[in-house]
file my_file13.cif (mmCIF, C-alpha atoms)
data_model
loop_
_atom_site.label_atom_id
_atom_site.label_comp_id
_atom_site.auth_asym_id
_atom_site.auth_seq_id
_atom_site.Cartn_x
_atom_site.Cartn_y
_atom_site.Cartn_z
CA MET A 205 -92.71 -30.39 -20.79
CA ASP A 206 -93.66 -33.57 -22.59
CA THR A 207 -95.98 -35.98 -20.77
CA LYS A 208 -95.81 -38.57 -23.57
CA THR A 209 -92.54 -40.10 -22.41
CA PHE A 210 -91.30 -41.48 -19.13
CA TRP A 211 -88.52 -38.88 -19.00
CA GLY A 212 -90.99 -36.09 -19.71
CA ARG A 213 -93.25 -37.17 -16.85
CA LEU A 214 -90.25 -37.65 -14.56
CA SER A 215 -89.02 -34.15 -15.45
CA ILE A 216 -92.42 -32.67 -14.58
CA ALA A 217 -92.54 -34.48 -11.24
CA MET A 218 -88.96 -33.49 -10.43
CA THR A 219 -89.64 -29.83 -11.23
CA GLU A 220 -92.84 -29.80 -9.17
CA ARG A 221 -90.88 -31.07 -6.16
CA GLY A 222 -88.15 -28.47 -6.58
CA HIS A 223 -85.53 -30.72 -8.17
CA ALA A 224 -83.71 -30.01 -11.42
CA PRO A 225 -84.95 -32.38 -14.15
CA THR A 226 -81.49 -33.74 -14.87
CA GLN A 227 -79.88 -37.16 -14.88
CA ALA A 228 -77.57 -36.06 -12.06
CA ALA A 229 -80.49 -34.91 -9.87
CA VAL A 230 -82.37 -38.17 -10.44
CA GLY A 231 -79.18 -40.06 -9.63
CA ASN A 232 -78.80 -38.14 -6.37
CA LEU A 233 -82.43 -38.78 -5.47
CA LEU A 234 -82.00 -42.54 -5.90
CA SER A 235 -78.32 -42.82 -4.94
CA LEU A 236 -77.52 -44.15 -8.43
CA LYS A 237 -74.77 -43.25 -10.87
CA GLN A 238 -75.75 -40.88 -13.65
CA SER A 239 -74.69 -43.52 -16.17
CA SER A 240 -77.44 -45.82 -14.82
CA ILE A 241 -80.05 -43.16 -15.58
CA HIS A 242 -78.80 -42.04 -18.99
CA LYS A 243 -80.91 -44.57 -20.93
CA TRP A 244 -84.12 -43.43 -19.20
CA GLU A 245 -83.89 -40.07 -20.92
CA TYR A 246 -83.70 -41.76 -24.31
CA GLY A 247 -86.61 -44.20 -24.09
CA GLY A 248 -85.54 -46.75 -21.49
CA LEU A 249 -87.46 -47.45 -18.30
CA PRO A 250 -86.16 -47.96 -14.76
CA ARG A 251 -86.45 -51.20 -12.84
CA MET A 252 -89.65 -51.50 -10.84
CA ARG A 253 -87.92 -50.85 -7.50
CA HIS A 254 -86.50 -47.58 -8.85
CA SER A 255 -89.90 -46.65 -10.29
CA VAL A 256 -91.51 -47.18 -6.89
CA GLN A 257 -88.78 -45.18 -5.14
CA LEU A 258 -89.16 -42.31 -7.59
CA ALA A 259 -92.95 -42.30 -7.30
CA GLU A 260 -92.78 -42.23 -3.50
CA LYS A 261 -90.14 -39.50 -3.36
CA LEU A 262 -91.91 -37.35 -5.96
CA GLY A 263 -95.47 -37.91 -4.72
CA VAL A 264 -96.84 -39.41 -7.93
CA THR A 265 -98.29 -42.79 -8.79
CA VAL A 266 -96.13 -45.45 -10.40
CA GLU A 267 -98.76 -45.99 -13.10
CA TRP A 268 -98.72 -42.32 -14.13
CA LEU A 269 -94.95 -42.11 -13.99
CA LEU A 270 -94.39 -45.19 -16.18
CA THR A 271 -97.35 -44.95 -18.57
CA GLY A 272 -98.96 -41.53 -18.29
CA ARG A 273 -102.29 -43.21 -17.45
CA GLY A 274 -104.29 -43.07 -14.25
CA VAL A 275 -104.18 -40.36 -11.63
CA LYS A 276 -100.98 -38.41 -11.26
CA ARG A 277 -101.10 -37.98 -7.50
CA PRO A 278 -102.01 -40.75 -5.07
CA LEU A 279 -105.51 -40.42 -3.71
CA ASN A 280 -105.82 -39.56 -0.07
CA GLU A 281 -108.21 -41.37 2.26
CA HIS A 282 -111.03 -38.83 1.79
CA GLU A 283 -110.88 -39.01 -2.01
CA THR A 284 -110.91 -42.79 -1.99
CA VAL A 285 -114.08 -42.79 0.13
CA LEU A 286 -115.75 -40.22 -2.14
CA ILE A 287 -114.92 -42.15 -5.29
CA GLU A 288 -116.22 -45.39 -3.82
CA LEU A 289 -119.41 -43.63 -2.72
CA TYR A 290 -119.88 -42.22 -6.19
CA ARG A 291 -119.38 -45.66 -7.76
CA GLN A 292 -122.05 -47.11 -5.51
CA LEU A 293 -124.58 -44.28 -5.84
CA GLY A 294 -123.58 -42.68 -9.16
CA ASP A 295 -126.97 -42.18 -10.84
CA GLU A 296 -128.70 -41.05 -7.67
CA LEU A 297 -125.94 -38.62 -6.79
CA GLU A 298 -125.81 -37.19 -10.29
CA ARG A 299 -129.42 -36.07 -10.05
CA GLY A 300 -128.85 -34.22 -6.78
CA GLU A 301 -126.72 -31.54 -5.25
CA VAL A 302 -124.34 -34.01 -3.61
CA PHE A 303 -122.71 -34.95 -6.93
CA GLY A 304 -121.74 -31.33 -7.58
CA ARG A 305 -120.14 -31.08 -4.17
CA ILE A 306 -118.14 -34.28 -4.64
CA ARG A 307 -117.04 -33.25 -8.12
CA GLU A 308 -115.96 -29.83 -6.83
CA MET A 309 -113.98 -31.38 -3.96
CA LEU A 310 -112.15 -33.65 -6.37
CA ARG A 311 -111.35 -30.70 -8.63
CA ARG A 312 -109.93 -28.71 -5.70
CA ARG A 313 -107.72 -31.58 -4.62
CA PRO A 314 -104.65 -30.26 -2.85
CA THR A 315 -101.36 -30.89 -4.64
CA ASP A 316 -100.03 -32.35 -1.40
CA PRO A 317 -101.93 -35.63 -0.83
CA ASN A 318 -101.29 -35.38 2.92
CA ARG A 319 -102.90 -31.94 3.26
CA PRO A 320 -106.53 -32.15 4.36
CA TYR A 321 -109.38 -30.38 2.62
CA VAL A 322 -110.46 -27.09 4.15
#
call {"tool": "encode", "arguments": {"input": "my_file13.cif", "output": "structure tokens"}}
result
Amino acid sequence: MDTKTFWGRLSIAMTERGHAPTQAAVGNLLSLKQSSIHKWEYGGLPRMRHSVQLAEKLGVTVEWLLTGRGVKRPLNEHETVLIELYRQLGDELERGEVFGRIREMLRRRPTDPNRPYV
């Protein structure tokens, strides 16, 4: 699926959450008429409140959904702490073993942001 367009990213997020990537399915998810969603598939963008609702329901960030930039999934509390730690101690951590551990944890991020690391 195409990640270059809003509809492409929405389709990916819908599929990952077990929804059909169709106008009707998006309409059901937001309690909107299919006709309100039609333009999104052809280059239009939703209102901000609908973007936020979609992002929350599909477990993605609004920035990624609308622009394709930034992280796709919201960071959980542990990841936020690790990233802040890395920003503060970057050069020192990169020289040691700790950096490798942090980098590996971020790579193994669970797809469910509420699931803890094991």
call {"tool": "atom_distance", "arguments": {"input": "my_file13.cif", "atom1": "atom CA of A:Leu270", "atom2": "atom CA of A:Asp206"}}
result
13.3 Å
call {"tool": "atom_distance", "arguments": {"input": "my_file13.cif", "atom1": "atom CA of A:Glu260", "atom2": "atom CA of A:Arg273"}}
result
16.9 Å
call {"tool": "atom_distance", "arguments": {"input": "my_file13.cif", "atom1": "atom CA of A:Leu249", "atom2": "atom CA of A:Glu267"}}
result
12.5 Å
call {"tool": "residues_around", "arguments": {"input": "my_file13.cif", "residues": "A:His242", "least_positions_apart": "6", "cutoff": "12 Å", "atoms": "all atoms listed in the file", "output": "PyMOL selection string"}}
result
chain A and resi 211+226-231+236+248-250
call {"tool": "closest_residue", "arguments": {"input": "my_file13.cif", "among": "A:Val275, A:Leu262, A:Leu234, A:Leu289", "to": "A:Thr219", "atoms": "all atoms listed in the file"}}
result
A:Leu262
call {"tool": "resolve_selection", "arguments": {"input": "my_file13.cif", "expression": "the PyMOL selection byres ((chain A and resi 213) around 10)", "output": "short mmCIF file (atom, residue, chain, number, x, y, z; two decimals) with C-alpha atoms, keeping the file's coordinate frame"}}
result
data_model
loop_
_atom_site.label_atom_id
_atom_site.label_comp_id
_atom_site.auth_asym_id
_atom_site.auth_seq_id
_atom_site.Cartn_x
_atom_site.Cartn_y
_atom_site.Cartn_z
CA MET A 205 -92.71 -30.39 -20.79
CA ASP A 206 -93.66 -33.57 -22.59
CA THR A 207 -95.98 -35.98 -20.77
CA LYS A 208 -95.81 -38.57 -23.57
CA THR A 209 -92.54 -40.10 -22.41
CA PHE A 210 -91.30 -41.48 -19.13
CA TRP A 211 -88.52 -38.88 -19.00
CA GLY A 212 -90.99 -36.09 -19.71
CA LEU A 214 -90.25 -37.65 -14.56
CA SER A 215 -89.02 -34.15 -15.45
CA ILE A 216 -92.42 -32.67 -14.58
CA ALA A 217 -92.54 -34.48 -11.24
CA MET A 218 -88.96 -33.49 -10.43
CA THR A 219 -89.64 -29.83 -11.23
CA PRO A 225 -84.95 -32.38 -14.15
CA VAL A 264 -96.84 -39.41 -7.93
CA TRP A 268 -98.72 -42.32 -14.13
CA LEU A 269 -94.95 -42.11 -13.99
CA LEU A 270 -94.39 -45.19 -16.18
CA THR A 271 -97.35 -44.95 -18.57
CA GLY A 272 -98.96 -41.53 -18.29
CA LYS A 276 -100.98 -38.41 -11.26
#
call {"tool": "resolve_selection", "arguments": {"input": "my_file13.cif", "expression": "the PyMOL selection byres ((chain A and resi 263) around 10)", "output": "VMD selection string"}}
result
chain A and resid 217 to 218 220 to 221 257 to 262 264 to 266 276 to 278 315 to 318
call {"tool": "write_last_selection", "arguments": {"input": "my_file13.cif", "atoms": "C-alpha atoms", "output": "short mmCIF file (atom, residue, chain, number, x, y, z; two decimals), in the frame of the given file"}}
result
data_model
loop_
_atom_site.label_atom_id
_atom_site.label_comp_id
_atom_site.auth_asym_id
_atom_site.auth_seq_id
_atom_site.Cartn_x
_atom_site.Cartn_y
_atom_site.Cartn_z
CA ALA A 217 -92.54 -34.48 -11.24
CA MET A 218 -88.96 -33.49 -10.43
CA GLU A 220 -92.84 -29.80 -9.17
CA ARG A 221 -90.88 -31.07 -6.16
CA GLN A 257 -88.78 -45.18 -5.14
CA LEU A 258 -89.16 -42.31 -7.59
CA ALA A 259 -92.95 -42.30 -7.30
CA GLU A 260 -92.78 -42.23 -3.50
CA LYS A 261 -90.14 -39.50 -3.36
CA LEU A 262 -91.91 -37.35 -5.96
CA VAL A 264 -96.84 -39.41 -7.93
CA THR A 265 -98.29 -42.79 -8.79
CA VAL A 266 -96.13 -45.45 -10.40
CA LYS A 276 -100.98 -38.41 -11.26
CA ARG A 277 -101.10 -37.98 -7.50
CA PRO A 278 -102.01 -40.75 -5.07
CA THR A 315 -101.36 -30.89 -4.64
CA ASP A 316 -100.03 -32.35 -1.40
CA PRO A 317 -101.93 -35.63 -0.83
CA ASN A 318 -101.29 -35.38 2.92
#
call {"tool": "axis_aligned_box", "arguments": {"input": "my_file13.cif", "around": "stretch 224-235 of chain A", "padding_each_side": "4 Å", "output": "JSON"}}
result
{"center_x": -81.3, "center_y": -36.4, "center_z": -9.9, "size_x": 15.4, "size_y": 20.8, "size_z": 17.9}
call {"tool": "build_atoms", "arguments": {"input": "my_file13.cif", "residues": "stretch 226-243 of chain A", "atoms": "N, CA and C atoms", "output": "PDB file, keeping the file's coordinate frame"}}
result
ATOM      1  N   THR A 226     -82.721 -33.283 -14.229  1.00  0.00           N
ATOM      2  CA  THR A 226     -81.490 -33.740 -14.870  1.00  0.00           C
ATOM      3  C   THR A 226     -81.158 -35.163 -14.438  1.00  0.00           C
ATOM      4  N   GLN A 227     -80.327 -35.813 -15.220  1.00  0.00           N
ATOM      5  CA  GLN A 227     -79.880 -37.160 -14.880  1.00  0.00           C
ATOM      6  C   GLN A 227     -79.154 -37.159 -13.535  1.00  0.00           C
ATOM      7  N   ALA A 228     -78.330 -36.140 -13.316  1.00  0.00           N
ATOM      8  CA  ALA A 228     -77.570 -36.060 -12.060  1.00  0.00           C
ATOM      9  C   ALA A 228     -78.503 -35.931 -10.860  1.00  0.00           C
ATOM     10  N   ALA A 229     -79.550 -35.101 -10.988  1.00  0.00           N
ATOM     11  CA  ALA A 229     -80.490 -34.910  -9.870  1.00  0.00           C
ATOM     12  C   ALA A 229     -81.261 -36.193  -9.582  1.00  0.00           C
ATOM     13  N   VAL A 230     -81.668 -36.901 -10.636  1.00  0.00           N
ATOM     14  CA  VAL A 230     -82.370 -38.170 -10.440  1.00  0.00           C
ATOM     15  C   VAL A 230     -81.427 -39.171  -9.783  1.00  0.00           C
ATOM     16  N   GLY A 231     -80.183 -39.180 -10.226  1.00  0.00           N
ATOM     17  CA  GLY A 231     -79.180 -40.060  -9.630  1.00  0.00           C
ATOM     18  C   GLY A 231     -78.994 -39.784  -8.145  1.00  0.00           C
ATOM     19  N   ASN A 232     -78.924 -38.511  -7.791  1.00  0.00           N
ATOM     20  CA  ASN A 232     -78.800 -38.140  -6.370  1.00  0.00           C
ATOM     21  C   ASN A 232     -80.017 -38.566  -5.577  1.00  0.00           C
ATOM     22  N   LEU A 233     -81.186 -38.411  -6.159  1.00  0.00           N
ATOM     23  CA  LEU A 233     -82.430 -38.780  -5.470  1.00  0.00           C
ATOM     24  C   LEU A 233     -82.473 -40.267  -5.159  1.00  0.00           C
ATOM     25  N   LEU A 234     -81.939 -41.086  -6.061  1.00  0.00           N
ATOM     26  CA  LEU A 234     -82.000 -42.540  -5.900  1.00  0.00           C
ATOM     27  C   LEU A 234     -80.682 -43.161  -5.452  1.00  0.00           C
ATOM     28  N   SER A 235     -79.672 -42.335  -5.273  1.00  0.00           N
ATOM     29  CA  SER A 235     -78.320 -42.820  -4.940  1.00  0.00           C
ATOM     30  C   SER A 235     -77.810 -43.779  -6.025  1.00  0.00           C
ATOM     31  N   LEU A 236     -77.990 -43.384  -7.278  1.00  0.00           N
ATOM     32  CA  LEU A 236     -77.520 -44.150  -8.430  1.00  0.00           C
ATOM     33  C   LEU A 236     -76.539 -43.299  -9.223  1.00  0.00           C
ATOM     34  N   LYS A 237     -75.684 -43.962  -9.986  1.00  0.00           N
ATOM     35  CA  LYS A 237     -74.770 -43.250 -10.870  1.00  0.00           C
ATOM     36  C   LYS A 237     -75.554 -42.677 -12.049  1.00  0.00           C
ATOM     37  N   GLN A 238     -75.105 -41.520 -12.518  1.00  0.00           N
ATOM     38  CA  GLN A 238     -75.750 -40.880 -13.650  1.00  0.00           C
ATOM     39  C   GLN A 238     -75.785 -41.810 -14.858  1.00  0.00           C
ATOM     40  N   SER A 239     -74.748 -42.602 -15.023  1.00  0.00           N
ATOM     41  CA  SER A 239     -74.690 -43.520 -16.170  1.00  0.00           C
ATOM     42  C   SER A 239     -75.821 -44.557 -16.136  1.00  0.00           C
ATOM     43  N   SER A 240     -76.327 -44.869 -14.939  1.00  0.00           N
ATOM     44  CA  SER A 240     -77.440 -45.820 -14.820  1.00  0.00           C
ATOM     45  C   SER A 240     -78.751 -45.188 -15.284  1.00  0.00           C
ATOM     46  N   ILE A 241     -78.814 -43.873 -15.273  1.00  0.00           N
ATOM     47  CA  ILE A 241     -80.050 -43.160 -15.580  1.00  0.00           C
ATOM     48  C   ILE A 241     -80.076 -42.658 -17.028  1.00  0.00           C
ATOM     49  N   HIS A 242     -78.932 -42.590 -17.641  1.00  0.00           N
ATOM     50  CA  HIS A 242     -78.800 -42.040 -18.990  1.00  0.00           C
ATOM     51  C   HIS A 242     -79.833 -42.621 -19.964  1.00  0.00           C
ATOM     52  N   LYS A 243     -80.010 -43.928 -19.956  1.00  0.00           N
ATOM     53  CA  LYS A 243     -80.910 -44.570 -20.930  1.00  0.00           C
ATOM     54  C   LYS A 243     -82.379 -44.193 -20.696  1.00  0.00           C
TER      55      LYS A 243
END
